[in-house]
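> I am sharing final07.cif, which consists of mmCIF, C-alpha atoms:
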data_work
loop_
_atom_site.group_PDB
_atom_site.id
_atom_site.type_symbol
_atom_site.label_atom_id
_atom_site.label_comp_id
_atom_site.auth_asym_id
_atom_site.auth_seq_id
_atom_site.Cartn_x
_atom_site.Cartn_y
_atom_site.Cartn_z
ATOM 1 C CA MET V 10 7.861 126.935 22.620
ATOM 2 C CA GLN V 11 10.614 125.139 20.740
ATOM 3 C CA THR V 12 12.603 127.558 18.578
ATOM 4 C CA ARG V 13 15.239 125.251 17.023
ATOM 5 C CA GLN V 14 16.135 121.615 16.614
ATOM 6 C CA TYR V 15 18.268 119.969 19.294
ATOM 7 C CA SER V 16 20.117 116.689 19.044
ATOM 8 C CA ASP V 17 19.142 113.856 21.375
ATOM 9 C CA GLU V 18 22.526 114.193 23.039
ATOM 10 C CA GLU V 19 22.004 117.913 23.720
ATOM 11 C CA VAL V 20 18.605 117.265 25.271
ATOM 12 C CA LYS V 21 19.928 114.406 27.378
ATOM 13 C CA GLU V 22 22.765 116.529 28.763
ATOM 14 C CA ASP V 23 20.342 119.354 29.501
ATOM 15 C CA VAL V 24 18.091 117.023 31.480
ATOM 16 C CA ARG V 25 21.142 115.592 33.257
ATOM 17 C CA SER V 26 22.140 119.125 34.282
ATOM 18 C CA PHE V 27 18.648 119.690 35.705
ATOM 19 C CA PHE V 28 19.367 116.926 38.251
ATOM 20 C CA LEU V 29 22.760 118.402 39.152
ATOM 21 C CA ASP V 30 22.598 122.203 38.927
ATOM 22 C CA SER V 31 20.293 124.335 41.060
ATOM 23 C CA ASN V 32 20.880 127.204 38.602
ATOM 24 C CA HIS V 33 19.515 125.238 35.656
ATOM 25 C CA TRP V 34 17.266 127.322 33.347
ATOM 26 C CA ALA V 35 14.222 125.102 34.063
ATOM 27 C CA TYR V 36 14.100 126.601 37.578
ATOM 28 C CA ARG V 37 13.650 130.082 36.069
ATOM 29 C CA TYR V 38 10.010 130.254 37.142
ATOM 30 C CA GLY V 39 11.169 130.346 40.752
ATOM 31 C CA ASP V 40 14.294 129.715 42.767
ATOM 32 C CA PRO V 41 15.016 126.103 43.760
ATOM 33 C CA THR V 42 13.670 125.367 47.222
ATOM 34 C CA PRO V 43 14.008 122.541 49.746
ATOM 35 C CA LEU V 44 10.794 121.227 48.135
ATOM 36 C CA CYS V 45 11.793 121.412 44.462
ATOM 37 C CA ASN V 46 15.441 121.190 43.449
ATOM 38 C CA PRO V 47 17.965 118.819 41.839
ATOM 39 C CA ASP V 48 17.609 116.459 44.826
ATOM 40 C CA SER V 49 13.834 116.095 44.319
ATOM 41 C CA PRO V 50 11.985 113.315 42.489
ATOM 42 C CA TYR V 51 10.013 114.178 39.362
ATOM 43 C CA HIS V 52 7.506 112.115 37.449
ATOM 44 C CA ARG V 53 8.060 111.802 33.718
ATOM 45 C CA LYS V 54 5.071 113.877 32.622
ATOM 46 C CA GLN V 55 6.140 116.601 35.035
ATOM 47 C CA ILE V 56 9.597 116.801 33.444
ATOM 48 C CA GLU V 57 8.030 117.032 29.994
ATOM 49 C CA VAL V 58 6.077 120.091 31.110
ATOM 50 C CA LEU V 59 9.052 121.699 32.869
ATOM 51 C CA PHE V 60 11.097 121.464 29.649
ATOM 52 C CA GLU V 61 8.332 122.220 27.144
ATOM 53 C CA SER V 62 9.493 125.754 26.316
ATOM 54 C CA LYS V 63 12.528 124.197 24.598
ATOM 55 C CA TYR V 64 11.597 120.626 23.674
ATOM 56 C CA GLN V 65 8.561 118.703 22.548
ATOM 57 C CA HIS V 66 7.246 116.391 25.282
ATOM 58 C CA TRP V 67 8.311 113.167 23.593
ATOM 59 C CA VAL V 68 11.849 114.503 23.033
ATOM 60 C CA THR V 69 12.275 115.145 26.755
ATOM 61 C CA ASP V 70 10.844 111.753 27.641
ATOM 62 C CA ARG V 71 13.294 110.091 25.265
ATOM 63 C CA ALA V 72 16.164 111.836 27.075
ATOM 64 C CA VAL V 73 14.842 110.679 30.462
ATOM 65 C CA THR V 74 14.661 107.090 29.183
ATOM 66 C CA SER V 75 18.254 107.306 28.016
ATOM 67 C CA LEU V 76 19.426 108.599 31.412
ATOM 68 C CA VAL V 77 17.560 105.774 33.155
ATOM 69 C CA GLU V 78 19.206 103.232 30.864
ATOM 70 C CA GLU V 79 22.618 104.744 31.620
ATOM 71 C CA GLY V 80 21.972 104.491 35.346
ATOM 72 C CA PHE V 81 22.215 108.227 36.043
ATOM 73 C CA LEU V 82 18.508 108.264 36.921
ATOM 74 C CA ARG V 83 16.634 105.657 38.869
ATOM 75 C CA GLU V 84 12.975 105.030 38.191
ATOM 76 C CA ARG V 85 10.169 104.076 40.546
ATOM 77 C CA PRO V 86 6.597 103.439 39.316
ATOM 78 C CA TYR V 87 3.587 104.217 41.464
ATOM 79 C CA GLN V 88 0.152 102.891 40.562
ATOM 80 C CA LEU V 89 -2.887 105.148 40.928
ATOM 81 C CA PRO V 90 -6.449 103.919 40.336
ATOM 82 C CA ASP V 91 -6.655 105.175 36.737
ATOM 83 C CA PHE V 92 -3.033 105.489 35.648
ATOM 84 C CA GLU V 93 0.578 104.858 36.623
ATOM 85 C CA LEU V 94 3.091 107.521 37.609
ATOM 86 C CA SER V 95 6.741 106.875 36.942
ATOM 87 C CA PHE V 96 9.088 108.918 39.145
ATOM 88 C CA VAL V 97 12.774 109.440 38.368
ATOM 89 C CA TYR V 98 15.528 110.779 40.592
ATOM 90 C CA ARG V 99 19.326 110.984 40.638
ATOM 91 C CA TYR V 100 21.062 107.666 41.221
ATOM 92 C CA ASN V 101 22.862 108.699 44.450
ATOM 93 C CA LEU V 102 19.842 110.015 46.368
ATOM 94 C CA ARG V 103 18.650 108.189 49.466
ATOM 95 C CA ARG V 104 15.492 108.420 51.558
ATOM 96 C CA ILE V 105 13.454 109.458 48.520
ATOM 97 C CA ALA V 106 10.309 107.424 49.257
ATOM 98 C CA MET V 107 8.621 110.051 51.438
ATOM 99 C CA ALA V 108 9.145 112.799 48.852
ATOM 100 C CA ILE V 109 7.652 110.560 46.145
ATOM 101 C CA ARG V 110 4.619 109.700 48.274
ATOM 102 C CA GLU V 111 4.026 113.401 48.947
ATOM 103 C CA ARG V 112 4.031 114.188 45.220
ATOM 104 C CA VAL V 113 1.850 111.186 44.476
ATOM 105 C CA GLY V 114 -0.671 112.631 46.914
ATOM 106 C CA ILE V 115 -0.635 116.009 45.187
ATOM 107 C CA THR V 116 -0.949 114.403 41.757
ATOM 108 C CA ARG V 117 -3.842 112.251 42.966
ATOM 109 C CA ARG V 118 -5.640 115.380 44.151
ATOM 110 C CA TYR V 119 -5.296 117.431 40.965
ATOM 111 C CA SER V 120 -6.012 114.369 38.792
ATOM 112 C CA ASP V 121 -9.245 113.520 40.617
ATOM 113 C CA ILE V 122 -12.189 113.412 38.222
ATOM 114 C CA SER V 123 -14.039 116.154 40.101
ATOM 115 C CA VAL V 124 -11.020 118.472 39.923
ATOM 116 C CA SER V 125 -10.464 117.639 36.245
ATOM 117 C CA ARG V 126 -14.064 118.514 35.473
ATOM 118 C CA ALA V 127 -13.774 121.744 37.450
ATOM 119 C CA THR V 128 -10.579 122.848 35.669
ATOM 120 C CA GLY V 129 -12.076 121.981 32.289
ATOM 121 C CA GLY V 130 -15.200 123.952 33.130
ATOM 122 C CA GLN V 131 -13.152 126.884 34.384
ATOM 123 C CA ALA V 132 -11.210 127.139 31.134
ATOM 124 C CA GLU V 133 -14.466 127.084 29.158
ATOM 125 C CA PHE V 134 -15.894 129.746 31.466
ATOM 126 C CA TRP V 135 -12.997 132.079 30.717
ATOM 127 C CA ALA V 136 -13.169 131.298 26.995
ATOM 128 C CA LEU V 137 -16.850 132.231 27.026
ATOM 129 C CA HIS V 138 -16.062 135.446 28.899
ATOM 130 C CA LEU V 139 -13.323 136.233 26.381
ATOM 131 C CA PHE V 140 -15.648 135.799 23.417
ATOM 132 C CA LYS V 141 -18.544 137.784 24.838
ATOM 133 C CA SER V 142 -16.376 140.646 26.077
ATOM 134 C CA ASN V 143 -14.902 140.998 22.582
ATOM 135 C CA SER V 144 -18.241 140.952 20.719
ATOM 136 C CA PHE V 145 -18.132 137.382 19.441
ATOM 137 C CA SER V 146 -21.572 135.770 19.403
ATOM 138 C CA ILE V 147 -22.045 132.186 20.574
ATOM 139 C CA ALA V 148 -23.757 130.261 17.774
ATOM 140 C CA ASP V 149 -23.783 126.954 19.654
ATOM 141 C CA ARG V 150 -22.091 124.864 22.351
ATOM 142 C CA ASN V 151 -21.115 121.190 22.472
ATOM 143 C CA THR V 152 -22.250 120.710 18.908
ATOM 144 C CA ARG V 153 -21.368 118.851 15.726
ATOM 145 C CA GLU V 154 -23.713 120.795 13.441
ATOM 146 C CA TYR V 155 -23.603 124.201 11.779
ATOM 147 C CA GLN V 156 -25.876 125.728 9.166
ATOM 148 C CA GLY V 157 -27.398 122.403 8.200
ATOM 149 C CA ILE V 158 -24.088 120.535 7.920
ATOM 150 C CA VAL V 159 -23.638 117.680 10.410
ATOM 151 C CA TRP V 160 -20.519 115.761 11.427
ATOM 152 C CA THR V 161 -21.427 112.050 11.556
ATOM 153 C CA LYS V 162 -18.105 110.265 11.132
ATOM 154 C CA THR V 163 -17.510 110.025 14.911
ATOM 155 C CA GLY V 164 -19.388 110.939 18.073
ATOM 156 C CA HIS V 165 -17.175 113.954 18.786
ATOM 157 C CA ASP V 166 -18.274 117.584 18.838
ATOM 158 C CA LEU V 167 -16.862 121.089 19.328
ATOM 159 C CA ASP V 168 -16.962 123.049 22.582
ATOM 160 C CA PHE V 169 -18.193 126.233 20.872
ATOM 161 C CA ILE V 170 -19.054 127.693 17.525
ATOM 162 C CA ILE V 171 -18.614 131.466 17.604
ATOM 163 C CA GLU V 172 -19.198 134.195 15.033
ATOM 164 C CA LYS V 173 -18.070 137.737 14.371
ATOM 165 C CA ASP V 174 -18.063 139.930 11.254
ATOM 166 C CA GLY V 175 -19.553 137.108 9.213
ATOM 167 C CA ILE V 176 -16.738 134.694 10.136
ATOM 168 C CA ALA V 177 -17.468 131.464 12.008
ATOM 169 C CA TYR V 178 -14.965 129.612 14.204
ATOM 170 C CA GLY V 179 -14.954 126.109 15.606
ATOM 171 C CA VAL V 180 -13.558 126.283 19.131
ATOM 172 C CA GLU V 181 -12.015 123.579 21.268
ATOM 173 C CA VAL V 182 -10.708 124.227 24.806
ATOM 174 C CA LYS V 183 -8.246 121.924 26.593
ATOM 175 C CA ASN V 184 -6.874 122.702 30.067
ATOM 176 C CA LYS V 185 -4.515 119.775 30.693
ATOM 177 C CA PHE V 186 -0.801 119.319 31.296
ATOM 178 C CA PRO V 187 -0.218 116.800 28.438
ATOM 179 C CA TYR V 188 -0.718 117.640 24.789
ATOM 180 C CA ILE V 189 -4.088 116.691 23.382
ATOM 181 C CA ASP V 190 -3.916 113.228 21.794
ATOM 182 C CA ASP V 191 -2.987 113.503 18.100
ATOM 183 C CA ASP V 192 -5.921 111.386 16.907
ATOM 184 C CA LEU V 193 -8.402 113.482 18.878
ATOM 185 C CA TYR V 194 -6.707 116.644 17.675
ATOM 186 C CA ASP V 195 -7.021 115.566 14.054
ATOM 187 C CA THR V 196 -10.692 114.704 14.597
ATOM 188 C CA LYS V 197 -11.437 118.159 16.022
ATOM 189 C CA LEU V 198 -9.672 119.740 13.070
ATOM 190 C CA ASP V 199 -11.613 117.533 10.643
ATOM 191 C CA ILE V 200 -14.897 118.589 12.260
ATOM 192 C CA CYS V 201 -14.008 122.240 11.698
ATOM 193 C CA MET V 202 -13.140 121.593 8.073
ATOM 194 C CA HIS V 203 -16.326 119.570 7.510
ATOM 195 C CA LEU V 204 -18.516 122.285 9.044
ATOM 196 C CA ARG V 205 -16.598 124.987 7.117
ATOM 197 C CA LEU V 206 -15.356 126.684 10.267
ATOM 198 C CA LYS V 207 -12.049 128.341 11.024
ATOM 199 C CA PRO V 208 -10.367 126.199 13.702
ATOM 200 C CA LEU V 209 -9.664 128.201 16.853
ATOM 201 C CA PHE V 210 -8.185 126.111 19.654
ATOM 202 C CA PHE V 211 -7.436 127.254 23.211
ATOM 203 C CA PHE V 212 -4.966 124.832 24.817
ATOM 204 C CA ARG V 213 -2.734 124.987 27.847
ATOM 205 C CA MET V 214 -0.046 123.682 25.530
ATOM 206 C CA ALA V 215 0.203 122.046 22.120
ATOM 207 C CA SER V 216 3.035 120.489 20.172
ATOM 208 C CA TYR V 217 4.785 122.397 17.413
ATOM 209 C CA LEU V 218 3.429 119.923 14.868
ATOM 210 C CA GLN V 219 -0.144 120.461 16.069
ATOM 211 C CA ILE V 220 0.207 124.225 15.889
ATOM 212 C CA GLU V 221 1.607 124.058 12.371
ATOM 213 C CA LYS V 222 -1.180 121.735 11.247
ATOM 214 C CA VAL V 223 -3.829 124.260 12.304
ATOM 215 C CA LYS V 224 -1.957 127.114 10.626
ATOM 216 C CA LYS V 225 -2.080 125.250 7.322
ATOM 217 C CA GLN V 226 -5.879 125.226 7.639
ATOM 218 C CA GLY V 227 -5.986 128.961 8.302
ATOM 219 C CA GLY V 228 -6.679 128.404 11.990
ATOM 220 C CA LYS V 229 -5.061 129.380 15.264
ATOM 221 C CA VAL V 230 -3.930 127.693 18.464
ATOM 222 C CA ILE V 231 -3.842 130.078 21.426
ATOM 223 C CA VAL V 232 -1.654 128.655 24.176
ATOM 224 C CA PHE V 233 -2.238 129.817 27.755
ATOM 225 C CA LYS V 234 0.578 127.724 29.340
ATOM 226 C CA SER V 235 -0.704 127.550 32.938
ATOM 227 C CA LYS V 236 -3.360 125.061 33.966
ATOM 228 C CA ILE V 237 -6.300 127.137 35.205
ATOM 229 C CA PHE V 238 -7.983 126.211 38.490
ATOM 230 C CA PRO V 239 -11.241 127.644 39.856
ATOM 231 C CA PRO V 240 -11.197 129.932 42.901
ATOM 232 C CA GLY V 241 -11.266 127.906 46.091
ATOM 233 C CA ASN V 242 -8.290 125.772 45.020
ATOM 234 C CA GLU V 243 -5.621 128.170 46.277
ATOM 235 C CA GLN V 244 -4.064 125.662 48.672
ATOM 236 C CA LEU V 245 -3.797 122.963 45.998
ATOM 237 C CA VAL V 246 -2.395 125.410 43.464
ATOM 238 C CA ASN V 247 0.248 126.570 45.960
ATOM 239 C CA GLU V 248 1.267 122.976 46.713
ATOM 240 C CA ILE V 249 1.536 122.097 43.024
ATOM 241 C CA TRP V 250 3.691 125.148 42.415
ATOM 242 C CA ASN V 251 5.895 124.978 45.519
ATOM 243 C CA LYS V 252 6.548 121.247 45.451
ATOM 244 C CA MET V 253 6.346 120.392 41.745
ATOM 245 C CA ARG V 254 6.872 123.692 39.876
ATOM 246 C CA LEU V 255 4.134 122.833 37.400
ATOM 247 C CA PRO V 256 2.562 125.918 35.765
ATOM 248 C CA VAL V 257 -0.767 126.512 37.521
ATOM 249 C CA SER V 258 -2.858 129.597 38.182
ATOM 250 C CA ILE V 259 -6.204 130.974 39.286
ATOM 251 C CA TRP V 260 -7.332 133.670 36.891
ATOM 252 C CA ARG V 261 -9.131 136.783 38.059
ATOM 253 C CA ASP V 262 -9.454 137.905 34.448
ATOM 254 C CA VAL V 263 -8.274 136.763 31.024
ATOM 255 C CA PRO V 264 -4.602 137.794 30.588
ATOM 256 C CA GLN V 265 -4.124 140.578 28.062
ATOM 257 C CA PRO V 266 -1.771 138.568 25.793
ATOM 258 C CA ILE V 267 -4.568 136.006 25.290
ATOM 259 C CA THR V 268 -7.047 138.732 24.357
ATOM 260 C CA ARG V 269 -4.553 140.391 21.997
ATOM 261 C CA SER V 270 -3.805 137.080 20.314
ATOM 262 C CA LEU V 271 -7.490 136.433 19.640
ATOM 263 C CA ILE V 272 -8.214 139.947 18.332
ATOM 264 C CA THR V 273 -5.092 140.047 16.154
ATOM 265 C CA TYR V 274 -5.963 136.692 14.619
ATOM 266 C CA HIS V 275 -9.573 137.678 13.955
ATOM 267 C CA GLU V 276 -8.551 140.964 12.337
ATOM 268 C CA ARG V 277 -6.175 139.098 10.034
ATOM 269 C CA VAL V 278 -8.890 136.597 9.054
ATOM 270 C CA LYS V 279 -11.345 139.448 8.430
ATOM 271 C CA HIS V 280 -8.814 141.321 6.322
ATOM 272 C CA ASN V 281 -8.005 138.247 4.235
ATOM 273 C CA SER V 282 -11.675 137.394 3.742
ATOM 274 C CA GLN V 283 -12.267 140.770 2.106
ATOM 275 C CA TYR V 284 -10.006 139.733 -0.772
ATOM 276 C CA VAL V 285 -11.374 136.242 -1.354
#
Take the structure in the file and write it out as structure tokens.

Amino acid sequence: MQTRQYSDEEVKEDVRSFFLDSNHWAYRYGDPTPLCNPDSPYHRKQIEVLFESKYQHWVTDRAVTSLVEEGFLRERPYQLPDFELSFVYRYNLRRIAMAIRERVGITRRYSDISVSRATGGQAEFWALHLFKSNSFSIADRNTREYQGIVWTKTGHDLDFIIEKDGIAYGVEVKNKFPYIDDDLYDTKLDICMHLRLKPLFFFRMASYLQIEKVKKQGGKVIVFKSKIFPPGNEQLVNEIWNKMRLPVSIWRDVPQPITRSLITYHERVKHNSQYV
């Protein structure tokens, strides 16, 4: 997560180094390989994720645009049925088409609607397991109503409403590489406020601004960083990791830091509620 402000020039030079130096910090999750290194192509959204521990997604994308305009990076779009991928690679690379097509194929597979539904369902499954194993009760699922109050402004709802120690939380779960859209994010937060629920969001990743916005409402965003896939997708997960270095995983249990984050937050809310 971003810890300080960086100038556009600093970010641009950092991204430039990524396409030149095999020891760049963004390869820290694993050593560069013949499949993923400075000579590889990367699509824009992929680079945003690879750099997200230091920069907000849009900051990284702005740096990529600048490097394309300078001519250091070349850009090649590739149209998929539902969206367009835009790959970038260093200006002096040749014979890059096959590597791009291979990554397009992988992206097409993990972006397929059936896979997207399965990963979304898997994240909700683990959230449900997390709540039940820590004595939270499930008041409702896929709902826009709580204790007689109904959200009618839009057709949106919340994934869960959970309760413990007399405290009710509105829960939203998102298991995607990009940040949740700001308008949708604000709507989910508004639903929680309207239903008088503490917002409790479980996202693969969120922007700093989104996290701060929830904090101001007394809520919490718990970030789990890796996109969670159901068992049976081991081959796809290995390909995504080995060839694209995107953070992906298959959970066998909820990681302890996620559990600790939830319990610590709830205990703080409970403590504060005793003095209201």
> Calculated over only C-alpha atoms, which of the candidates V:Leu198, V:Ala148, V:Val73, V:Val263 has the smallest distance to V:Phe233?
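Going through V:Leu198, V:Ala148, V:Val73, V:Val263 one by one, the smallest distance to V:Phe233 is for V:Val263.
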> Just give me the gap between atom CA of V:Ala108 and atom CA of V:Leu59 in Å, one decimal is fine.
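Computing it gives 18.3 Å between the two atoms.
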> Can you work out the spacing between atom CA of V:Phe212 and atom CA of V:Pro47 in Å, to one decimal?
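These atoms are spaced 29.2 Å apart.
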> Quick one: pull the distance between atom CA of V:Asn184 and atom CA of V:Glu84, Å, one decimal.
27.8 Å
> Any chance you could work out the residue set of the PyMOL selection byres ((chain V and resi 154) around 12) here, as a VMD selection string?
chain V and resid 148 to 153 155 to 161 164 to 170 179 200 to 206
> Please evaluate the PyMOL selection byres ((chain V and resi 21) around 10) against the structure above and give the resulting residues as number ranges by chain.
V: 15-20, 22-27, 68-76
> When you count all atoms listed in the file, which of these residues is closest to V:Lys234: V:Tyr274, V:Trp34, V:Phe186, V:Tyr194?
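Among the listed residues, V:Phe186 lies closest to V:Lys234.
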